[in-house]
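Student: Pasting coords19.cif here (mmCIF, C-alpha atoms and all ligand atoms):
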```
data_structure
#
loop_
_atom_site.group_PDB
_atom_site.id
_atom_site.type_symbol
_atom_site.label_atom_id
_atom_site.label_comp_id
_atom_site.auth_asym_id
_atom_site.auth_seq_id
_atom_site.Cartn_x
_atom_site.Cartn_y
_atom_site.Cartn_z
ATOM 1 C CA MET A 123 -97.252 60.270 163.185
ATOM 2 C CA THR A 124 -100.695 59.250 162.002
ATOM 3 C CA PRO A 125 -100.783 56.325 159.601
ATOM 4 C CA THR A 126 -102.089 57.356 156.205
ATOM 5 C CA ALA A 127 -102.892 53.843 155.006
ATOM 6 C CA PHE A 128 -106.628 54.433 155.255
ATOM 7 C CA THR A 129 -106.766 57.997 153.938
ATOM 8 C CA ALA A 130 -104.114 58.103 151.201
ATOM 9 C CA PRO A 131 -105.341 57.600 147.617
ATOM 10 C CA GLY A 132 -104.653 54.355 145.774
ATOM 11 C CA ARG A 133 -105.068 50.699 146.677
ATOM 12 C CA PHE A 134 -103.249 48.175 148.825
ATOM 13 C CA TRP A 135 -100.324 46.196 147.390
ATOM 14 C CA ARG A 136 -99.064 43.096 149.180
ATOM 15 C CA GLY A 137 -95.328 42.670 149.575
ATOM 16 C CA ASN A 138 -92.520 40.949 151.435
ATOM 17 C CA LEU A 139 -89.676 43.229 152.481
ATOM 18 C CA HIS A 140 -87.136 40.675 153.793
ATOM 19 C CA THR A 141 -86.008 37.783 151.567
ATOM 20 C CA HIS A 142 -82.847 35.828 150.841
ATOM 21 C CA SER A 143 -81.659 33.889 147.779
ATOM 22 C CA THR A 144 -78.648 31.895 146.604
ATOM 23 C CA ARG A 145 -76.849 35.233 146.325
ATOM 24 C CA SER A 146 -76.312 34.868 150.093
ATOM 25 C CA ASP A 147 -77.532 32.037 152.354
ATOM 26 C CA GLY A 148 -80.915 31.300 150.749
ATOM 27 C CA VAL A 149 -81.755 28.084 148.913
ATOM 28 C CA LEU A 150 -83.468 29.377 145.734
ATOM 29 C CA ASP A 151 -82.067 31.594 143.010
ATOM 30 C CA PRO A 152 -83.468 35.114 142.659
ATOM 31 C CA ALA A 153 -85.673 34.261 139.656
ATOM 32 C CA GLU A 154 -87.340 31.358 141.490
ATOM 33 C CA VAL A 155 -87.818 33.401 144.663
ATOM 34 C CA CYS A 156 -89.600 36.091 142.633
ATOM 35 C CA ARG A 157 -91.651 33.487 140.731
ATOM 36 C CA ARG A 158 -92.893 31.895 143.964
ATOM 37 C CA TYR A 159 -93.893 35.187 145.582
ATOM 38 C CA ARG A 160 -95.698 36.271 142.431
ATOM 39 C CA ALA A 161 -97.461 32.863 142.215
ATOM 40 C CA GLU A 162 -98.620 33.252 145.844
ATOM 41 C CA GLY A 163 -100.375 36.501 144.996
ATOM 42 C CA TYR A 164 -97.800 39.025 146.123
ATOM 43 C CA ASP A 165 -97.608 42.297 144.194
ATOM 44 C CA PHE A 166 -93.999 43.076 145.052
ATOM 45 C CA LEU A 167 -90.860 41.745 146.703
ATOM 46 C CA ALA A 168 -87.643 43.146 148.106
ATOM 47 C CA LEU A 169 -84.771 40.675 147.815
ATOM 48 C CA THR A 170 -82.489 41.569 150.718
ATOM 49 C CA ASP A 171 -79.455 39.288 150.656
ATOM 50 C CA HIS A 172 -76.749 39.691 153.285
ATOM 51 C CA LEU A 173 -74.404 42.519 152.258
ATOM 52 C CA ILE A 174 -71.182 40.874 153.378
ATOM 53 C CA GLY A 175 -67.916 39.899 151.752
ATOM 54 C CA ILE A 176 -68.264 36.104 151.761
ATOM 55 C CA TYR A 177 -71.247 36.587 149.431
ATOM 56 C CA ASP A 178 -69.480 39.256 147.352
ATOM 57 C CA TYR A 179 -71.596 42.085 148.820
ATOM 58 C CA PRO A 180 -74.788 41.438 146.788
ATOM 59 C CA ILE A 181 -77.391 44.060 145.980
ATOM 60 C CA VAL A 182 -79.165 41.760 143.551
ATOM 61 C CA ASP A 183 -80.504 43.186 140.289
ATOM 62 C CA THR A 184 -84.139 42.009 140.400
ATOM 63 C CA VAL A 185 -85.290 44.377 137.633
ATOM 64 C CA PRO A 186 -85.473 41.481 135.084
ATOM 65 C CA PHE A 187 -88.135 39.770 137.254
ATOM 66 C CA ARG A 188 -90.582 42.671 137.083
ATOM 67 C CA ASP A 189 -93.616 42.511 134.822
ATOM 68 C CA ALA A 190 -97.036 44.139 134.505
ATOM 69 C CA GLY A 191 -98.364 42.431 137.654
ATOM 70 C CA PHE A 192 -95.301 42.269 139.865
ATOM 71 C CA THR A 193 -92.510 44.584 140.858
ATOM 72 C CA THR A 194 -89.352 44.464 142.943
ATOM 73 C CA ILE A 195 -87.479 46.891 145.141
ATOM 74 C CA LEU A 196 -83.693 46.576 145.366
ATOM 75 C CA GLY A 197 -82.369 46.062 148.858
ATOM 76 C CA ALA A 198 -80.073 44.224 151.240
ATOM 77 C CA GLU A 199 -79.673 43.179 154.849
ATOM 78 C CA LEU A 200 -76.795 45.261 156.204
ATOM 79 C CA HIS A 201 -74.303 44.089 158.805
ATOM 80 C CA SER A 202 -71.787 45.976 160.836
ATOM 81 C CA GLY A 203 -71.099 46.086 164.454
ATOM 82 C CA PRO A 204 -71.268 45.560 167.241
ATOM 83 C CA MET A 205 -74.491 45.423 169.233
ATOM 84 C CA ALA A 206 -74.170 45.404 173.041
ATOM 85 C CA ASN A 207 -73.926 41.603 172.993
ATOM 86 C CA GLY A 208 -70.832 41.710 170.782
ATOM 87 C CA GLU A 209 -72.539 40.449 167.628
ATOM 88 C CA VAL A 210 -73.076 42.290 164.330
ATOM 89 C CA TRP A 211 -76.212 44.296 163.642
ATOM 90 C CA HIS A 212 -78.851 43.071 161.185
ATOM 91 C CA ILE A 213 -80.394 46.094 159.453
ATOM 92 C CA LEU A 214 -82.995 45.829 156.713
ATOM 93 C CA ALA A 215 -82.547 48.351 153.886
ATOM 94 C CA VAL A 216 -85.236 48.414 151.189
ATOM 95 C CA GLY A 217 -84.706 50.750 148.254
ATOM 96 C CA LEU A 218 -80.910 50.793 148.171
ATOM 97 C CA PRO A 219 -79.151 52.041 145.051
ATOM 98 C CA ALA A 220 -77.102 49.281 143.368
ATOM 99 C CA ASP A 221 -73.945 51.340 143.819
ATOM 100 C CA PHE A 222 -74.383 51.837 147.584
ATOM 101 C CA ALA A 223 -70.901 52.042 149.112
ATOM 102 C CA ARG A 224 -70.234 48.674 150.761
ATOM 103 C CA PRO A 225 -69.313 48.533 154.460
ATOM 104 C CA ASP A 226 -66.182 46.625 155.519
ATOM 105 C CA ALA A 227 -68.069 43.506 156.632
ATOM 106 C CA PRO A 228 -66.201 40.480 155.284
ATOM 107 C CA HIS A 229 -68.297 37.937 157.243
ATOM 108 C CA PHE A 230 -70.859 37.735 160.075
ATOM 109 C CA GLY A 231 -68.180 38.563 162.671
ATOM 110 C CA LEU A 232 -66.612 41.776 163.897
ATOM 111 C CA VAL A 233 -63.491 43.319 162.358
ATOM 112 C CA ALA A 234 -61.335 46.138 163.686
ATOM 113 C CA GLY A 235 -62.401 49.627 162.702
ATOM 114 C CA MET A 236 -65.835 48.535 161.514
ATOM 115 C CA GLU A 237 -68.474 51.201 160.852
ATOM 116 C CA THR A 238 -71.099 51.254 163.621
ATOM 117 C CA GLY A 239 -74.551 49.818 162.869
ATOM 118 C CA PRO A 240 -76.259 53.187 163.406
ATOM 119 C CA ALA A 241 -73.772 54.919 161.049
ATOM 120 C CA LEU A 242 -74.384 52.281 158.370
ATOM 121 C CA ALA A 243 -78.163 52.646 158.767
ATOM 122 C CA ALA A 244 -77.877 56.423 158.470
ATOM 123 C CA ARG A 245 -75.908 56.026 155.226
ATOM 124 C CA ALA A 246 -78.634 53.744 153.856
ATOM 125 C CA VAL A 247 -81.346 56.268 154.740
ATOM 126 C CA ALA A 248 -79.312 59.055 153.122
ATOM 127 C CA ALA A 249 -79.028 56.900 149.992
ATOM 128 C CA GLY A 250 -82.835 56.666 149.782
ATOM 129 C CA ALA A 251 -83.638 53.413 151.592
ATOM 130 C CA PHE A 252 -86.497 52.554 153.925
ATOM 131 C CA VAL A 253 -84.629 51.124 156.920
ATOM 132 C CA ALA A 254 -85.850 48.776 159.651
ATOM 133 C CA ILE A 255 -84.303 47.218 162.739
ATOM 134 C CA ALA A 256 -84.482 43.509 161.867
ATOM 135 C CA HIS A 257 -85.700 40.767 164.247
ATOM 136 C CA PRO A 258 -84.927 42.490 167.600
ATOM 137 C CA GLN A 259 -85.734 39.447 169.740
ATOM 138 C CA TRP A 260 -83.705 37.044 167.604
ATOM 139 C CA SER A 261 -80.762 39.479 167.706
ATOM 140 C CA GLY A 262 -80.901 39.837 171.485
ATOM 141 C CA LEU A 263 -81.215 43.590 170.952
ATOM 142 C CA THR A 264 -81.156 45.790 174.053
ATOM 143 C CA LEU A 265 -83.217 48.947 174.484
ATOM 144 C CA ALA A 266 -79.958 50.932 174.393
ATOM 145 C CA ASP A 267 -79.105 49.298 171.052
ATOM 146 C CA ALA A 268 -82.523 50.218 169.684
ATOM 147 C CA ARG A 269 -82.267 53.807 170.936
ATOM 148 C CA SER A 270 -78.922 54.182 169.170
ATOM 149 C CA MET A 271 -80.457 53.276 165.801
ATOM 150 C CA GLY A 272 -81.762 56.797 165.302
ATOM 151 C CA ALA A 273 -82.075 56.680 161.530
ATOM 152 C CA ALA A 274 -84.398 53.647 161.301
ATOM 153 C CA HIS A 275 -87.907 54.198 159.970
ATOM 154 C CA ALA A 276 -89.334 50.968 161.340
ATOM 155 C CA VAL A 277 -89.003 47.978 163.630
ATOM 156 C CA GLU A 278 -89.601 44.447 162.353
ATOM 157 C CA ILE A 279 -92.361 43.466 164.792
ATOM 158 C CA TYR A 280 -92.952 39.998 163.301
ATOM 159 C CA ASN A 281 -90.318 37.919 161.509
ATOM 160 C CA HIS A 282 -91.806 34.686 160.189
ATOM 161 C CA GLY A 283 -88.490 32.873 159.803
ATOM 162 C CA CYS A 284 -87.634 33.636 163.423
ATOM 163 C CA ALA A 285 -91.112 32.402 164.433
ATOM 164 C CA VAL A 286 -90.698 29.102 162.586
ATOM 165 C CA GLY A 287 -87.028 28.496 163.319
ATOM 166 C CA CYS A 288 -86.600 29.546 166.936
ATOM 167 C CA ASP A 289 -89.853 31.013 168.323
ATOM 168 C CA ARG A 290 -88.273 34.454 168.618
ATOM 169 C CA ALA A 291 -90.420 36.448 166.217
ATOM 170 C CA ASP A 292 -91.178 39.482 168.353
ATOM 171 C CA GLY A 293 -90.262 43.119 167.903
ATOM 172 C CA PHE A 294 -93.173 44.677 169.776
ATOM 173 C CA GLY A 295 -91.370 44.637 173.130
ATOM 174 C CA ILE A 296 -88.697 47.030 171.869
ATOM 175 C CA ALA A 297 -91.020 48.983 169.543
ATOM 176 C CA ASP A 298 -93.559 49.778 172.274
ATOM 177 C CA LEU A 299 -90.805 51.042 174.598
ATOM 178 C CA LEU A 300 -89.396 53.305 171.860
ATOM 179 C CA LEU A 301 -92.891 54.618 171.070
ATOM 180 C CA THR A 302 -93.406 55.422 174.752
ATOM 181 C CA GLU A 303 -90.144 57.404 174.725
ATOM 182 C CA GLY A 304 -91.610 59.513 171.914
ATOM 183 C CA ARG A 305 -89.793 57.937 168.987
ATOM 184 C CA ASP A 306 -91.642 58.010 165.655
ATOM 185 C CA LEU A 307 -91.604 54.511 164.204
ATOM 186 C CA THR A 308 -93.585 52.240 161.937
ATOM 187 C CA LEU A 309 -93.999 48.475 162.279
ATOM 188 C CA ILE A 310 -93.361 45.820 159.642
ATOM 189 C CA ALA A 311 -94.082 42.092 159.409
ATOM 190 C CA THR A 312 -91.778 40.140 157.102
ATOM 191 C CA ASP A 313 -90.862 36.588 156.129
ATOM 192 C CA ASP A 314 -87.027 36.681 156.243
ATOM 193 C CA ALA A 315 -87.445 33.735 153.869
ATOM 194 C CA HIS A 316 -84.477 31.508 153.060
ATOM 195 C CA PHE A 317 -86.658 28.563 151.837
ATOM 196 C CA HIS A 318 -84.692 25.981 153.853
ATOM 197 C CA GLU A 319 -87.657 25.635 156.229
ATOM 198 C CA PRO A 320 -91.327 26.819 156.082
ATOM 199 C CA ASP A 321 -90.204 30.413 156.553
ATOM 200 C CA HIS A 322 -92.152 31.997 153.693
ATOM 201 C CA PHE A 323 -95.605 33.530 153.036
ATOM 202 C CA GLY A 324 -96.199 34.042 156.771
ATOM 203 C CA GLY A 325 -95.951 37.816 157.362
ATOM 204 C CA TRP A 326 -96.216 40.729 154.950
ATOM 205 C CA VAL A 327 -97.009 44.413 154.506
ATOM 206 C CA MET A 328 -100.021 45.902 152.710
ATOM 207 C CA VAL A 329 -98.852 49.189 151.234
ATOM 208 C CA LYS A 330 -101.276 51.870 150.034
ATOM 209 C CA ALA A 331 -100.097 53.527 146.834
ATOM 210 C CA GLU A 332 -101.514 54.747 143.544
ATOM 211 C CA ALA A 333 -99.223 52.509 141.497
ATOM 212 C CA ASN A 334 -97.304 49.271 142.009
ATOM 213 C CA THR A 335 -93.957 50.874 141.248
ATOM 214 C CA PRO A 336 -90.791 50.807 143.361
ATOM 215 C CA GLU A 337 -90.866 54.597 143.677
ATOM 216 C CA ALA A 338 -94.514 54.792 144.814
ATOM 217 C CA LEU A 339 -94.164 51.848 147.209
ATOM 218 C CA LEU A 340 -91.001 53.252 148.767
ATOM 219 C CA ALA A 341 -92.578 56.677 149.277
ATOM 220 C CA ALA A 342 -95.623 55.029 150.902
ATOM 221 C CA LEU A 343 -93.425 52.913 153.190
ATOM 222 C CA LYS A 344 -91.548 56.003 154.383
ATOM 223 C CA ASP A 345 -94.920 57.750 154.879
ATOM 224 C CA GLY A 346 -96.281 54.931 157.046
ATOM 225 C CA ALA A 347 -99.061 54.261 154.508
ATOM 226 C CA PHE A 348 -99.240 50.537 155.238
ATOM 227 C CA TYR A 349 -100.205 47.878 157.741
ATOM 228 C CA SER A 350 -98.795 44.421 158.462
ATOM 229 C CA SER A 351 -100.554 41.069 158.345
ATOM 230 C CA GLN A 352 -100.460 37.301 158.598
ATOM 231 C CA GLY A 353 -103.880 37.087 156.907
ATOM 232 C CA PRO A 354 -106.565 39.489 158.197
ATOM 233 C CA GLU A 355 -107.289 42.684 156.266
ATOM 234 C CA LEU A 356 -107.620 46.141 157.811
ATOM 235 C CA HIS A 357 -110.030 48.424 155.964
ATOM 236 C CA ASP A 358 -110.044 51.384 158.335
ATOM 237 C CA VAL A 359 -108.636 52.377 161.714
ATOM 238 C CA ARG A 360 -109.689 55.760 163.098
ATOM 239 C CA VAL A 361 -109.917 57.454 166.471
ATOM 240 C CA GLU A 362 -113.323 59.032 167.158
ATOM 241 C CA ASP A 363 -113.682 60.885 170.474
ATOM 242 C CA THR A 364 -113.143 58.227 173.134
ATOM 243 C CA ARG A 365 -113.124 55.136 170.930
ATOM 244 C CA VAL A 366 -111.203 53.512 168.104
ATOM 245 C CA VAL A 367 -113.281 52.352 165.142
ATOM 246 C CA VAL A 368 -111.796 49.385 163.277
ATOM 247 C CA GLU A 369 -113.177 47.962 160.032
ATOM 248 C CA CYS A 370 -111.595 44.687 158.949
ATOM 249 C CA SER A 371 -112.047 41.187 157.558
ATOM 250 C CA ALA A 372 -113.850 38.767 159.907
ATOM 251 C CA ALA A 373 -112.229 39.031 163.327
ATOM 252 C CA ALA A 374 -112.537 37.287 166.682
ATOM 253 C CA THR A 375 -110.629 39.907 168.718
ATOM 254 C CA VAL A 376 -109.790 43.562 168.147
ATOM 255 C CA ILE A 377 -107.252 45.049 170.549
ATOM 256 C CA VAL A 378 -106.071 48.627 171.061
ATOM 257 C CA GLN A 379 -102.702 48.917 172.830
ATOM 258 C CA GLY A 380 -100.917 51.910 174.358
ATOM 259 C CA ALA A 381 -98.035 52.722 176.694
ATOM 260 C CA GLY A 382 -97.183 50.523 179.661
ATOM 261 C CA THR A 383 -99.912 48.048 180.573
ATOM 262 C CA ALA A 384 -102.689 49.878 178.712
ATOM 263 C CA ALA A 385 -104.743 47.689 176.370
ATOM 264 C CA VAL A 386 -108.433 47.284 175.635
ATOM 265 C CA ASN A 387 -110.083 44.538 173.600
ATOM 266 C CA VAL A 388 -113.436 43.707 172.054
ATOM 267 C CA GLN A 389 -114.242 40.074 171.297
ATOM 268 C CA GLY A 390 -116.966 38.602 169.113
ATOM 269 C CA THR A 391 -117.798 36.356 166.191
ATOM 270 C CA SER A 392 -117.061 37.279 162.573
ATOM 271 C CA MET A 393 -116.684 40.957 163.484
ATOM 272 C CA THR A 394 -116.072 43.226 160.495
ATOM 273 C CA ARG A 395 -116.440 46.408 162.537
ATOM 274 C CA ALA A 396 -115.492 47.020 166.137
ATOM 275 C CA GLU A 397 -115.748 50.072 168.327
ATOM 276 C CA VAL A 398 -113.122 49.794 171.042
ATOM 277 C CA PRO A 399 -113.471 52.249 173.942
ATOM 278 C CA LEU A 400 -110.127 53.913 174.691
ATOM 279 C CA GLY A 401 -110.420 53.202 178.404
ATOM 280 C CA ARG A 402 -106.943 52.969 179.936
ATOM 281 C CA VAL A 403 -105.338 53.711 176.562
ATOM 282 C CA GLU A 404 -106.768 57.238 176.706
ATOM 283 C CA ARG A 405 -103.781 58.560 178.663
ATOM 284 C CA SER A 406 -101.221 57.024 176.286
ATOM 285 C CA SER A 407 -99.373 59.317 173.861
ATOM 286 C CA TRP A 408 -99.749 56.647 171.165
ATOM 287 C CA LEU A 409 -101.945 53.687 170.292
ATOM 288 C CA ARG A 410 -101.944 50.849 167.821
ATOM 289 C CA VAL A 411 -104.395 48.107 166.810
ATOM 290 C CA THR A 412 -104.150 44.310 166.541
ATOM 291 C CA VAL A 413 -106.875 42.293 164.800
ATOM 292 C CA VAL A 414 -106.957 38.515 165.411
ATOM 293 C CA ASP A 415 -109.063 36.175 163.285
ATOM 294 C CA ALA A 416 -110.669 32.871 164.332
ATOM 295 C CA ALA A 417 -107.571 30.943 163.211
ATOM 296 C CA GLY A 418 -105.285 33.111 165.381
ATOM 297 C CA LYS A 419 -103.772 35.033 162.455
ATOM 298 C CA ARG A 420 -103.090 38.694 163.137
ATOM 299 C CA ALA A 421 -103.006 42.065 161.414
ATOM 300 C CA TRP A 422 -101.263 45.055 162.969
ATOM 301 C CA SER A 423 -101.778 48.780 162.351
ATOM 302 C CA ASN A 424 -99.012 51.308 162.487
ATOM 303 C CA PRO A 425 -98.918 53.459 165.630
ATOM 304 C CA ILE A 426 -101.102 56.525 165.885
ATOM 305 C CA ARG A 427 -99.532 59.400 167.830
ATOM 306 C CA ARG A 428 -102.058 61.312 169.977
HETATM 307 ZN ZN ZN B 501 -80.965 38.883 159.940
HETATM 308 ZN ZN ZN B 502 -82.571 38.075 156.913
#
```
Will you turn the file into structure tokens for me?

Tutor:
Amino acid sequence: MTPTAFTAPGRFWRGNLHTHSTRSDGVLDPAEVCRRYRAEGYDFLALTDHLIGIYDYPIVDTVPFRDAGFTTILGAELHSGPMANGEVWHILAVGLPADFARPDAPHFGLVAGMETGPALAARAVAAGAFVAIAHPQWSGLTLADARSMGAAHAVEIYNHGCAVGCDRADGFGIADLLLTEGRDLTLIATDDAHFHEPDHFGGWVMVKAEANTPEALLAALKDGAFYSSQGPELHDVRVEDTRVVVECSAAATVIVQGAGTAAVNVQGTSMTRAEVPLGRVERSSWLRVTVVDAAGKRAWSNPIRR
């Protein structure tokens, strides 16, 4: 697992992978959601309404909202259960076919004989989707829950709606533990926008692809050819001998993290290049990079397996 975002051909496309509309519990209709993301400079959007019975199991057709400068990927947030805490799973599936066989999930509660969350995620992956464990901290996910989700490509490490609404945005706690166990994973920041509070335009992915098409974006997501951001840009992240070289938009802090307590940082003013010595991260089987700008906004690389 070495992220290809900085070596793959193409350019970066900005997108939000987790969004709701009036087709489930969001406030705006799908056309207006797409219009707002496009107007804010996004290149693509995945509308991921809750795939449950009370909303008539929506996988919303967003094809009509595509144009020359903006595309959409069909998707949904999948629910089945239970997690260890007795609540239903929230599983993000981007790139679902419209005819994906619906689970028996009539509402946000449990029903007898329900498909397990991991089985539902595996079906989504088999159907072609890029699948992520949504908002682990908000869900109260345990490490055992996360381990059981073997099919997932990614963990949602920052969920802007969960940051704004309940200060439970984090997925790094679980993701770092899974990485240390040897699990191959990528890391996504999303909005989880419903537009009933300032839960939008706060966290996104920058996906490297040769074309802004659903097919190319989906392939790049599965390949790990992306990074996540709240604002800062990553231009290159590479390991050279005993240091990590990071090229980025103006940064105040560049951090390299690894297993356990290992982390090394370099601080400065308007840094566009940092050389971070591996130090205690050298013994870790993986590392990742966080860039923080002067306003406190962050960008996060995918993990690099060593
Ligand atoms: Zn959710
Ligand atoms: Zn959601």

Student: Per residue of chain A within 8 Å of ligand ZN 502 (chain B), record the nearest atom pair and its distance in Å to one decimal, counting only C-alpha atoms and all ligand atoms, with rows in chain order and ascending residue number, as CSV.

Tutor:
```
residue,atom,partner,partner_atom,distance
A:His140,CA,B:ZN502,ZN,6.1
A:Thr141,CA,B:ZN502,ZN,6.4
A:His142,CA,B:ZN502,ZN,6.5
A:Thr170,CA,B:ZN502,ZN,7.1
A:Asp171,CA,B:ZN502,ZN,7.1
A:His172,CA,B:ZN502,ZN,7.0
A:Glu199,CA,B:ZN502,ZN,6.2
A:His212,CA,B:ZN502,ZN,7.6
A:Leu214,CA,B:ZN502,ZN,7.8
A:Ala256,CA,B:ZN502,ZN,7.6
A:Asp314,CA,B:ZN502,ZN,4.7
A:Ala315,CA,B:ZN502,ZN,7.2
A:His316,CA,B:ZN502,ZN,7.8
```

Student: Hey, what comes out of the PyMOL selection byres (((chain A and resi 391-393) around 7) and not hetatm) on this file? Could you write it as a PDB file with C-alpha atoms, in the frame of the given file?

Tutor:
```
ATOM      1  CA  ALA A 372    -113.850  38.767 159.907  1.00  0.00           C
ATOM      2  CA  ALA A 373    -112.229  39.031 163.327  1.00  0.00           C
ATOM      3  CA  ALA A 374    -112.537  37.287 166.682  1.00  0.00           C
ATOM      4  CA  GLY A 390    -116.966  38.602 169.113  1.00  0.00           C
ATOM      5  CA  THR A 394    -116.072  43.226 160.495  1.00  0.00           C
ATOM      6  CA  ARG A 395    -116.440  46.408 162.537  1.00  0.00           C
ATOM      7  CA  ALA A 396    -115.492  47.020 166.137  1.00  0.00           C
TER       8      ALA A 396
END
```

Student: Can you write out as a Markdown table which residues of chain A fall within 12 Å of ligand ZN 501 (chain B), alongside each residue's closest atom pair and its distance in Å to one decimal, counting all atoms listed in the file and ordering rows by chain and ascending residue number?

Tutor:
```
| residue | atom | partner | partner_atom | distance |
| --- | --- | --- | --- | --- |
| A:His140 | CA | B:ZN501 | ZN | 8.9 |
| A:Thr141 | CA | B:ZN501 | ZN | 9.8 |
| A:His142 | CA | B:ZN501 | ZN | 9.8 |
| A:Ser146 | CA | B:ZN501 | ZN | 11.6 |
| A:Asp147 | CA | B:ZN501 | ZN | 10.8 |
| A:Gly148 | CA | B:ZN501 | ZN | 11.9 |
| A:Thr170 | CA | B:ZN501 | ZN | 9.7 |
| A:Asp171 | CA | B:ZN501 | ZN | 9.4 |
| A:His172 | CA | B:ZN501 | ZN | 7.9 |
| A:Leu173 | CA | B:ZN501 | ZN | 10.7 |
| A:Ile174 | CA | B:ZN501 | ZN | 11.9 |
| A:Ala198 | CA | B:ZN501 | ZN | 10.2 |
| A:Glu199 | CA | B:ZN501 | ZN | 6.8 |
| A:Leu200 | CA | B:ZN501 | ZN | 8.5 |
| A:His201 | CA | B:ZN501 | ZN | 8.5 |
| A:Ser202 | CA | B:ZN501 | ZN | 11.6 |
| A:Glu209 | CA | B:ZN501 | ZN | 11.5 |
| A:Val210 | CA | B:ZN501 | ZN | 9.6 |
| A:Trp211 | CA | B:ZN501 | ZN | 8.1 |
| A:His212 | CA | B:ZN501 | ZN | 4.9 |
| A:Ile213 | CA | B:ZN501 | ZN | 7.2 |
| A:Leu214 | CA | B:ZN501 | ZN | 7.9 |
| A:Ala215 | CA | B:ZN501 | ZN | 11.3 |
| A:Phe230 | CA | B:ZN501 | ZN | 10.2 |
| A:Ala254 | CA | B:ZN501 | ZN | 11.0 |
| A:Ile255 | CA | B:ZN501 | ZN | 9.4 |
| A:Ala256 | CA | B:ZN501 | ZN | 6.1 |
| A:His257 | CA | B:ZN501 | ZN | 6.7 |
| A:Pro258 | CA | B:ZN501 | ZN | 9.3 |
| A:Gln259 | CA | B:ZN501 | ZN | 10.9 |
| A:Trp260 | CA | B:ZN501 | ZN | 8.3 |
| A:Ser261 | CA | B:ZN501 | ZN | 7.8 |
| A:Gly262 | CA | B:ZN501 | ZN | 11.6 |
| A:Leu263 | CA | B:ZN501 | ZN | 12.0 |
| A:Glu278 | CA | B:ZN501 | ZN | 10.6 |
| A:Asn281 | CA | B:ZN501 | ZN | 9.5 |
| A:His282 | CA | B:ZN501 | ZN | 11.6 |
| A:Gly283 | CA | B:ZN501 | ZN | 9.6 |
| A:Cys284 | CA | B:ZN501 | ZN | 9.2 |
| A:Ala291 | CA | B:ZN501 | ZN | 11.6 |
| A:Thr312 | CA | B:ZN501 | ZN | 11.2 |
| A:Asp313 | CA | B:ZN501 | ZN | 10.9 |
| A:Asp314 | CA | B:ZN501 | ZN | 7.4 |
| A:Ala315 | CA | B:ZN501 | ZN | 10.3 |
| A:His316 | CA | B:ZN501 | ZN | 10.7 |
```

Student: Can you tell me how far atom CA of A:Pro399 sits from atom CA of A:Val361, in Å to one decimal?

Tutor: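 We find that atom CA of A:Pro399 and atom CA of A:Val361 lie 9.8 Å from each other.
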
Student: Which is closer to A:Leu265 than all the others in A:Leu300, A:Val403, A:Leu409, A:Val182, using all atoms listed in the file?

Tutor: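 Counting all atoms listed in the file, the residue closest to A:Leu265 is A:Leu300.
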
Student: List, as a tab-separated table (two decimals) with C-alpha atoms, in the coordinates of the input, every residue that the PyMOL selection byres (((chain A and resi 302) around 12) and not hetatm) selects in the file provided.

Tutor:
```tsv
chain	number	residue	atom	x	y	z
A	269	ARG	CA	-82.27	53.81	170.94
A	294	PHE	CA	-93.17	44.68	169.78
A	295	GLY	CA	-91.37	44.64	173.13
A	296	ILE	CA	-88.70	47.03	171.87
A	297	ALA	CA	-91.02	48.98	169.54
A	298	ASP	CA	-93.56	49.78	172.27
A	299	LEU	CA	-90.80	51.04	174.60
A	300	LEU	CA	-89.40	53.30	171.86
A	301	LEU	CA	-92.89	54.62	171.07
A	303	GLU	CA	-90.14	57.40	174.72
A	304	GLY	CA	-91.61	59.51	171.91
A	305	ARG	CA	-89.79	57.94	168.99
A	306	ASP	CA	-91.64	58.01	165.66
A	307	LEU	CA	-91.60	54.51	164.20
A	379	GLN	CA	-102.70	48.92	172.83
A	380	GLY	CA	-100.92	51.91	174.36
A	381	ALA	CA	-98.04	52.72	176.69
A	382	GLY	CA	-97.18	50.52	179.66
A	383	THR	CA	-99.91	48.05	180.57
A	384	ALA	CA	-102.69	49.88	178.71
A	405	ARG	CA	-103.78	58.56	178.66
A	406	SER	CA	-101.22	57.02	176.29
A	407	SER	CA	-99.37	59.32	173.86
A	408	TRP	CA	-99.75	56.65	171.16
A	409	LEU	CA	-101.94	53.69	170.29
A	410	ARG	CA	-101.94	50.85	167.82
A	425	PRO	CA	-98.92	53.46	165.63
A	426	ILE	CA	-101.10	56.52	165.88
A	427	ARG	CA	-99.53	59.40	167.83
A	428	ARG	CA	-102.06	61.31	169.98
```

Student: Give, as lines of an AutoDock Vina configuration file, the centre coordinates and the x, y and z edge lengths in Å to one decimal for an axis-aligned box around all listed atoms of stretch 181-194 of chain A, padded by 8 Å on each side.

Tutor:
```
center_x = -87.9
center_y = 42.2
center_z = 140.2
size_x = 37.0
size_y = 20.8
size_z = 27.5
```

Student: For A:Ala243, which of A:Gly272, A:Pro131, A:Gly191, A:Pro186 is the closest residue, counting all atoms listed in the file?

Tutor: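 Counting all atoms listed in the file, the residue closest to A:Ala243 is A:Gly272.
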
Student: So how many Å separate atom CA of A:Val376 and atom CA of A:Leu356, to one decimal?

Tutor: 10.9 Å

Student: Calculate how many Å separate atom CA of A:Trp326 from atom CA of A:Ala385, rounding to one decimal.

Tutor: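 Pair atom CA of A:Trp326 / atom CA of A:Ala385 returns 24.1 Å.
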
Student: For a quick check of understanding, using only C-alpha atoms, which of A:Val286, A:Ala421, A:Leu400, A:Ala248 has the smallest distance to A:Asp321?

Tutor: A:Val286

Student: Excluding A:Ile310 and any residue of its chain fewer than 4 positions from it, enumerate the residues within 9 Å of it, using all atoms listed in the file, and give them as a VMD selection string.

Tutor: chain A and resid 139 254 276 to 281 325 to 327 348 to 351 422 424

Student: Which one is closest to A:Gly287: A:Thr184, A:Ile377, A:Pro320, A:Thr264? Count all atoms listed in the file.

Tutor: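 Ranked by minimum distance to A:Gly287, first place goes to A:Pro320.
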